[in-house]
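*Asks:* Have a peek at final.csv (CSV, C-alpha atoms and all ligand atoms).
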```csv
chain,number,residue,atom,x,y,z
A,1091,MET,CA,0.4,-18.2,9.8
A,1092,LEU,CA,3.2,-16.8,7.7
A,1093,GLU,CA,2.0,-18.5,4.5
A,1094,THR,CA,-1.4,-17.1,5.1
A,1095,ILE,CA,0.0,-13.6,5.3
A,1096,LYS,CA,1.8,-14.1,2.0
A,1097,GLU,CA,-1.4,-15.3,0.3
A,1098,LEU,CA,-3.5,-12.5,1.9
A,1099,ASN,CA,-1.1,-10.0,0.4
A,1100,GLY,CA,-0.9,-11.6,-3.1
A,1101,PHE,CA,2.8,-11.7,-2.5
A,1102,HIS,CA,3.1,-15.0,-4.5
A,1103,GLN,CA,2.0,-13.3,-7.6
A,1104,SER,CA,5.3,-11.6,-8.2
A,1105,ASP,CA,7.8,-14.3,-7.2
A,1106,HIS,CA,10.0,-13.5,-10.2
A,1107,LYS,CA,10.5,-10.0,-9.0
A,1108,ASN,CA,11.1,-11.3,-5.5
A,1109,GLY,CA,14.1,-13.1,-6.9
A,1110,HIS,CA,15.5,-9.8,-7.8
A,1111,VAL,CA,15.2,-8.5,-4.3
A,1112,ASN,CA,16.5,-11.6,-2.5
A,1113,GLY,CA,18.2,-13.6,-5.1
A,1114,HIS,CA,21.6,-12.8,-6.6
A,1115,SER,CA,24.7,-12.5,-4.5
A,1116,ASN,CA,27.3,-13.7,-6.9
A,1117,GLY,CA,27.2,-10.8,-9.3
A,1118,THR,CA,25.9,-12.7,-12.4
A,1119,ALA,CA,22.7,-11.7,-14.0
A,1120,SER,CA,19.9,-14.0,-12.6
A,1121,HIS,CA,16.7,-15.1,-14.3
A,1122,ALA,CA,14.9,-12.4,-12.2
A,1123,ASP,CA,17.2,-9.7,-13.5
A,1124,THR,CA,16.4,-10.7,-17.1
A,1125,GLU,CA,12.7,-10.7,-16.3
A,1126,ASN,CA,12.9,-7.3,-14.7
A,1127,ALA,CA,14.8,-5.8,-17.7
A,1128,LYS,CA,12.2,-7.2,-20.0
A,1129,ALA,CA,9.4,-5.7,-17.9
A,1130,LYS,CA,11.1,-2.3,-17.8
A,1131,GLN,CA,11.6,-2.4,-21.6
A,1132,ALA,CA,7.9,-3.2,-22.1
A,1133,ILE,CA,6.8,-0.3,-19.9
A,1134,GLU,CA,9.0,2.1,-21.8
A,1135,THR,CA,7.6,0.9,-25.2
A,1136,ALA,CA,4.0,1.3,-23.8
A,1137,VAL,CA,4.8,4.9,-22.6
A,1138,ARG,CA,6.2,5.8,-26.0
A,1139,THR,CA,3.0,4.4,-27.6
A,1140,ILE,CA,0.9,6.6,-25.2
A,1141,LEU,CA,3.0,9.7,-26.0
A,1142,THR,CA,2.6,9.2,-29.7
A,1143,ASN,CA,-1.1,8.6,-29.5
A,1144,VAL,CA,-1.9,11.7,-27.4
A,1145,GLY,CA,-0.3,13.8,-30.1
A,1146,GLU,CA,3.2,14.1,-28.7
A,1147,ASP,CA,6.6,13.5,-30.2
A,1148,PRO,CA,8.3,11.0,-28.0
A,1149,ASN,CA,11.6,12.0,-29.6
A,1150,ARG,CA,11.6,15.6,-28.6
A,1151,GLU,CA,14.2,16.5,-26.0
A,1152,GLY,CA,11.9,17.0,-23.0
A,1153,LEU,CA,10.3,13.6,-23.5
A,1154,LEU,CA,13.3,11.5,-24.5
A,1155,GLY,CA,14.0,10.3,-21.0
A,1156,THR,CA,10.4,10.0,-19.9
A,1157,PRO,CA,9.7,6.4,-20.7
A,1158,ASP,CA,12.8,5.4,-18.7
A,1159,ARG,CA,11.8,7.7,-15.8
A,1160,ILE,CA,8.3,6.3,-15.7
A,1161,ALA,CA,9.4,2.7,-15.7
A,1162,ARG,CA,11.8,3.4,-12.8
A,1163,MET,CA,9.1,5.4,-11.0
A,1164,TYR,CA,6.7,2.5,-11.2
A,1165,ASP,CA,9.3,0.3,-9.6
A,1166,GLU,CA,9.1,2.6,-6.6
A,1167,ILE,CA,5.5,3.6,-6.3
A,1168,LEU,CA,4.2,0.1,-7.1
A,1169,ALA,CA,6.8,-1.6,-4.9
A,1170,GLY,CA,4.1,-3.0,-2.6
A,1171,TYR,CA,3.7,-6.0,-5.0
A,1172,THR,CA,7.2,-7.2,-4.1
A,1173,THR,CA,7.4,-6.3,-0.4
A,1174,ASP,CA,7.7,-9.5,1.6
A,1175,PRO,CA,5.1,-9.2,4.3
A,1176,VAL,CA,6.7,-11.8,6.5
A,1177,LYS,CA,10.0,-10.1,6.5
A,1178,LEU,CA,8.2,-6.8,7.2
A,1179,VAL,CA,6.8,-8.0,10.5
A,1180,ASN,CA,9.7,-10.3,11.5
A,1181,ASN,CA,11.3,-9.6,14.8
A,1182,ALA,CA,8.8,-6.8,15.5
A,1183,LEU,CA,6.2,-8.6,17.6
A,1184,PHE,CA,6.4,-8.2,21.3
A,1185,ASP,CA,4.6,-9.9,24.2
A,1186,VAL,CA,2.8,-7.5,26.5
A,1187,GLU,CA,0.1,-7.5,29.1
A,1188,TYR,CA,-1.8,-4.5,27.9
A,1189,ASP,CA,-5.3,-4.5,26.6
A,1190,ASP,CA,-6.3,-0.9,26.0
A,1191,PRO,CA,-6.4,0.4,22.5
A,1192,VAL,CA,-3.1,1.1,20.7
A,1193,ILE,CA,-3.8,4.0,18.3
A,1194,VAL,CA,-1.5,5.1,15.5
A,1195,LYS,CA,-2.9,8.0,13.6
A,1196,GLU,CA,-2.0,10.4,10.8
A,1197,ILE,CA,0.0,7.9,8.7
A,1198,GLU,CA,0.6,9.6,5.4
A,1199,TYR,CA,0.3,7.4,2.4
A,1200,PHE,CA,0.4,7.7,-1.4
A,1201,SER,CA,-1.4,5.2,-3.6
A,1202,MET,CA,-2.5,4.8,-7.2
A,1203,CYS,CA,-6.2,4.4,-8.2
A,1204,GLU,CA,-6.6,1.2,-10.3
A,1205,HIS,CA,-9.3,2.7,-12.4
A,1206,HIS,CA,-7.3,5.6,-13.8
A,1207,MET,CA,-3.7,5.0,-12.6
A,1208,LEU,CA,-3.7,8.4,-11.0
A,1209,PRO,CA,-2.6,9.1,-7.4
A,1210,PHE,CA,-4.8,9.1,-4.4
A,1211,PHE,CA,-3.3,10.0,-1.1
A,1212,GLY,CA,-4.1,11.1,2.4
A,1213,ARG,CA,-3.9,9.6,5.9
A,1214,ALA,CA,-4.6,6.3,7.6
A,1215,HIS,CA,-5.5,5.9,11.2
A,1216,ILE,CA,-5.3,2.6,13.0
A,1217,ALA,CA,-6.3,1.2,16.3
A,1218,TYR,CA,-6.1,-2.3,17.8
A,1219,ILE,CA,-6.7,-3.9,21.1
A,1220,PRO,CA,-3.9,-6.3,21.8
A,1221,SER,CA,-4.6,-9.9,23.0
A,1222,ASP,CA,-1.0,-10.7,24.1
A,1223,LYS,CA,1.2,-9.1,21.4
A,1224,VAL,CA,1.9,-5.7,20.1
A,1225,ILE,CA,3.8,-4.7,16.9
A,1226,GLY,CA,6.7,-2.3,16.7
A,1227,LEU,CA,5.5,1.2,16.1
A,1228,SER,CA,7.4,1.7,12.9
A,1229,LYS,CA,5.9,-1.4,11.3
A,1230,ILE,CA,2.4,0.0,11.1
A,1231,PRO,CA,3.2,2.7,8.6
A,1232,ARG,CA,5.2,0.1,6.6
A,1233,ILE,CA,2.1,-2.1,6.5
A,1234,VAL,CA,0.1,0.8,5.2
A,1235,GLU,CA,2.8,1.6,2.6
A,1236,MET,CA,3.0,-2.0,1.4
A,1237,PHE,CA,-0.7,-1.9,0.5
A,1238,ALA,CA,-0.6,1.7,-0.8
A,1239,ARG,CA,2.2,1.1,-3.3
A,1240,ARG,CA,0.0,-0.9,-5.6
A,1241,LEU,CA,-2.9,-0.2,-8.0
A,1242,GLN,CA,-5.7,0.1,-5.4
A,1243,VAL,CA,-9.1,1.1,-4.6
A,1244,GLN,CA,-9.3,2.8,-1.2
A,1245,GLU,CA,-12.0,0.5,0.1
A,1246,ARG,CA,-9.8,-2.6,-0.5
A,1247,MET,CA,-6.7,-1.0,0.8
A,1248,THR,CA,-8.5,-0.2,4.1
A,1249,ARG,CA,-9.7,-3.8,4.5
A,1250,GLN,CA,-6.3,-5.3,3.6
A,1251,ILE,CA,-4.5,-3.2,6.2
A,1252,ALA,CA,-7.1,-4.3,8.9
A,1253,GLU,CA,-6.8,-8.0,7.8
A,1254,MET,CA,-3.1,-8.0,7.9
A,1255,ILE,CA,-2.9,-6.5,11.4
A,1256,ASP,CA,-5.6,-9.0,12.5
A,1257,GLU,CA,-3.7,-11.9,11.0
A,1258,VAL,CA,-0.3,-10.9,12.5
A,1259,LEU,CA,-1.4,-9.9,16.0
A,1260,GLN,CA,-4.6,-11.8,16.5
A,1261,PRO,CA,-5.8,-8.8,18.5
A,1262,GLN,CA,-9.2,-8.4,20.3
A,1263,GLY,CA,-10.2,-5.9,17.7
A,1264,VAL,CA,-8.8,-3.7,14.8
A,1265,ALA,CA,-10.1,-0.5,13.4
A,1266,VAL,CA,-8.8,1.2,10.3
A,1267,VAL,CA,-10.0,4.6,9.0
A,1268,VAL,CA,-8.5,6.0,5.7
A,1269,GLU,CA,-9.0,9.4,4.3
A,1270,GLY,CA,-8.2,9.9,0.6
A,1271,SER,CA,-8.1,12.7,-2.0
A,1272,HIS,CA,-8.3,11.2,-5.5
A,1273,MET,CA,-6.6,13.0,-8.3
A,1274,CYS,CA,-8.9,11.3,-10.8
A,1275,SER,CA,-11.9,13.2,-9.4
A,1276,MET,CA,-9.9,16.3,-8.6
A,1277,MET,CA,-8.5,16.8,-12.1
A,1278,ARG,CA,-11.6,16.0,-14.0
A,1279,GLY,CA,-14.9,17.7,-14.1
A,1280,VAL,CA,-15.6,21.4,-13.5
A,1281,LYS,CA,-16.5,21.5,-9.8
A,1282,LYS,CA,-13.8,23.0,-7.7
A,1283,GLU,CA,-14.7,21.3,-4.5
A,1284,HIS,CA,-12.7,18.2,-3.7
A,1285,PRO,CA,-14.4,16.0,-1.2
A,1286,ARG,CA,-12.2,13.6,0.7
A,1287,MET,CA,-13.3,10.0,0.7
A,1288,MET,CA,-13.5,8.2,4.1
A,1289,THR,CA,-13.4,4.5,4.4
A,1290,SER,CA,-13.3,2.3,7.5
A,1291,TYR,CA,-13.0,-1.3,8.3
A,1292,MET,CA,-13.6,-2.8,11.7
A,1293,LEU,CA,-12.9,-6.3,13.1
A,1294,GLY,CA,-13.5,-8.0,16.4
A,1295,LYS,CA,-14.4,-5.7,19.3
A,1296,TYR,CA,-14.4,-2.7,17.1
A,1297,ARG,CA,-17.1,-4.2,14.9
A,1298,LYS,CA,-19.3,-5.2,17.9
A,1299,ASP,CA,-18.8,-2.3,20.4
A,1300,LYS,CA,-20.0,1.1,19.3
A,1301,ASP,CA,-18.6,2.8,22.4
A,1302,LEU,CA,-15.1,1.6,21.4
A,1303,ARG,CA,-15.7,2.8,17.9
A,1304,ARG,CA,-16.8,6.2,19.1
A,1305,GLU,CA,-13.8,6.5,21.4
A,1306,PHE,CA,-11.5,5.9,18.4
A,1307,MET,CA,-13.4,8.4,16.2
A,1308,ASP,CA,-13.1,11.0,19.0
A,1309,GLN,CA,-9.4,10.4,19.2
A,1310,LEU,CA,-9.1,11.2,15.4
A,1311,ARG,CA,-10.7,14.6,15.9
A,1312,LYS,CA,-8.1,15.7,18.5
B,1401,ZN,ZN,-9.7,6.8,-10.2
```
Render the structure in this file as structure tokens.
*Replies:*
Amino acid sequence: MLETIKELNGFHQSDHKNGHVNGHSNGTASHADTENAKAKQAIETAVRTILTNVGEDPNREGLLGTPDRIARMYDEILAGYTTDPVKLVNNALFDVEYDDPVIVKEIEYFSMCEHHMLPFFGRAHIAYIPSDKVIGLSKIPRIVEMFARRLQVQERMTRQIAEMIDEVLQPQGVAVVVEGSHMCSMMRGVKKEHPRMMTSYMLGKYRKDKDLRREFMDQLRK
């Protein structure tokens, strides 16, 4: 099961960065550190290129530190690529006899749209009906965060959250609803109305049973 989760999350794609997180304990610079330094340098160069080509002077005082700040910021806001999904859920699964919906709502997230590299953000709401296991409450927001902190489209993020919970808990059903405000549509164009985008993904009983779905949607309105 654990390997499937890793693949599901594309975790294997960034093994060199993973080395940075888990690797060195002896204080010497590891291969991963060198790779990370190279990547950071490349991002800084790219930011300088953008600054120059939008008509800025990358050497003026206010911009001098910007390439470095952006490179370090990406490390944080795109950290989802290097979050180990197996570690994330380890020791947080509990056996229970309970088969009513577990609902966690109003989970705030911040992500980056992959089409424009601008933020989208909002709230995620999650329900699942346990089979025999539940997951620690704090882990659900961390699952959302792991998928949010990447270049994303809201639809895929919604599905990935649902599939991860399905994979980990093997529940009777999972429902994920995500609301998102997208800076790329808010900042561009002339219209001053900013519709929020709603996406949902249902698995198991939530896909089949419209009463269950309605019960979840009603909960979200409270
Ligand atoms: Zn966009």
*Asks:* Can you work out which one of A:Lys1128, A:His1272, A:Arg1138, A:Arg1246 has the shortest atom-to-atom distance to ligand ZN 1401 (chain B), counting all atoms listed in the file?
*Replies:*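 Among the listed residues, the smallest separation from ligand ZN 1401 (chain B) belongs to A:His1272.
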*Asks:* Within 6 Å of region 1154-1170 of chain A, counting all atoms listed in the file, which residues qualify if same-chain residues fewer than 4 places away don't, as number ranges by chain?
*Replies:* A: 1130, 1133-1134, 1137, 1149, 1236-1237, 1239-1240
*Asks:* Taking all atoms listed in the file and a cut-off of 7 Å, can you tell me which residues surround ligand ZN 1401 (chain B), written as a PyMOL selection string?
*Replies:* chain A and resi 1203-1208+1272+1274-1275
*Asks:* Can you tell me, as a PyMOL selection string, which residues sit within 7 Å of (-7.1, 3.3, -4.8) in the file's frame, using all atoms listed in the file?
*Replies:* chain A and resi 1201-1204+1210+1241-1244
*Asks:* Given all atoms listed in the file as the basis, pick out the residue of A:Gln1262, A:Gly1145, A:Val1268, A:Leu1310 nearest to Gly1294 (chain A).
*Replies:*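 Ranking A:Gln1262, A:Gly1145, A:Val1268, A:Leu1310 by distance to Gly1294 (chain A), first place goes to A:Gln1262.
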*Asks:* List as JSON, numbers by chain the protein and nucleic acid residues near Thr1248 (chain A), meaning an atom at most 7 Å away when only C-alpha atoms are counted, but skip any in the same chain fewer than 6 places from it.
*Replies:* {"A": [1266, 1268, 1289, 1290, 1291]}
*Asks:* In Å to one decimal, how far is CA of Leu1302 (chain A) from CA of Tyr1188 (chain A)?
*Replies:*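 Result for CA of Tyr1188 (chain A) versus CA of Leu1302 (chain A): 16.0 Å, one decimal.
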*Asks:* Hey, which of A:Ala1252, A:Asp1222, A:His1121, A:Val1264 ends up closest to Leu1183 (chain A)? Count all atoms listed in the file.
*Replies:* A:Asp1222
*Asks:* Work out how far CA of Glu1235 (chain A) is from CA of Met1247 (chain A), in Å to one decimal.
*Replies:*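 Separation between CA of Met1247 (chain A) and CA of Glu1235 (chain A): 10.0 Å.
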*Asks:* Quick one: distance from CA of Ser1228 (chain A) to CA of Lys1295 (chain A) in Å, one decimal?
*Replies:*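 About the pair CA of Ser1228 (chain A) and CA of Lys1295 (chain A): they are 23.9 Å apart.
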*Asks:* Need to verify the contact set: Tyr1199 (chain A), 9 Å, only C-alpha atoms, exclusion of same-chain residues closer than 5 positions in sequence. Can you return it as a PyMOL selection string?
*Replies:* chain A and resi 1210-1214+1231+1234-1235+1238-1239
*Asks:* Using only C-alpha atoms, which of the listed residues (A:Leu1178, A:Pro1209, A:Ile1197, A:Gln1131) sits closest to Met1273 (chain A)?
*Replies:*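 Selected residue with least distance to Met1273 (chain A): A:Pro1209.
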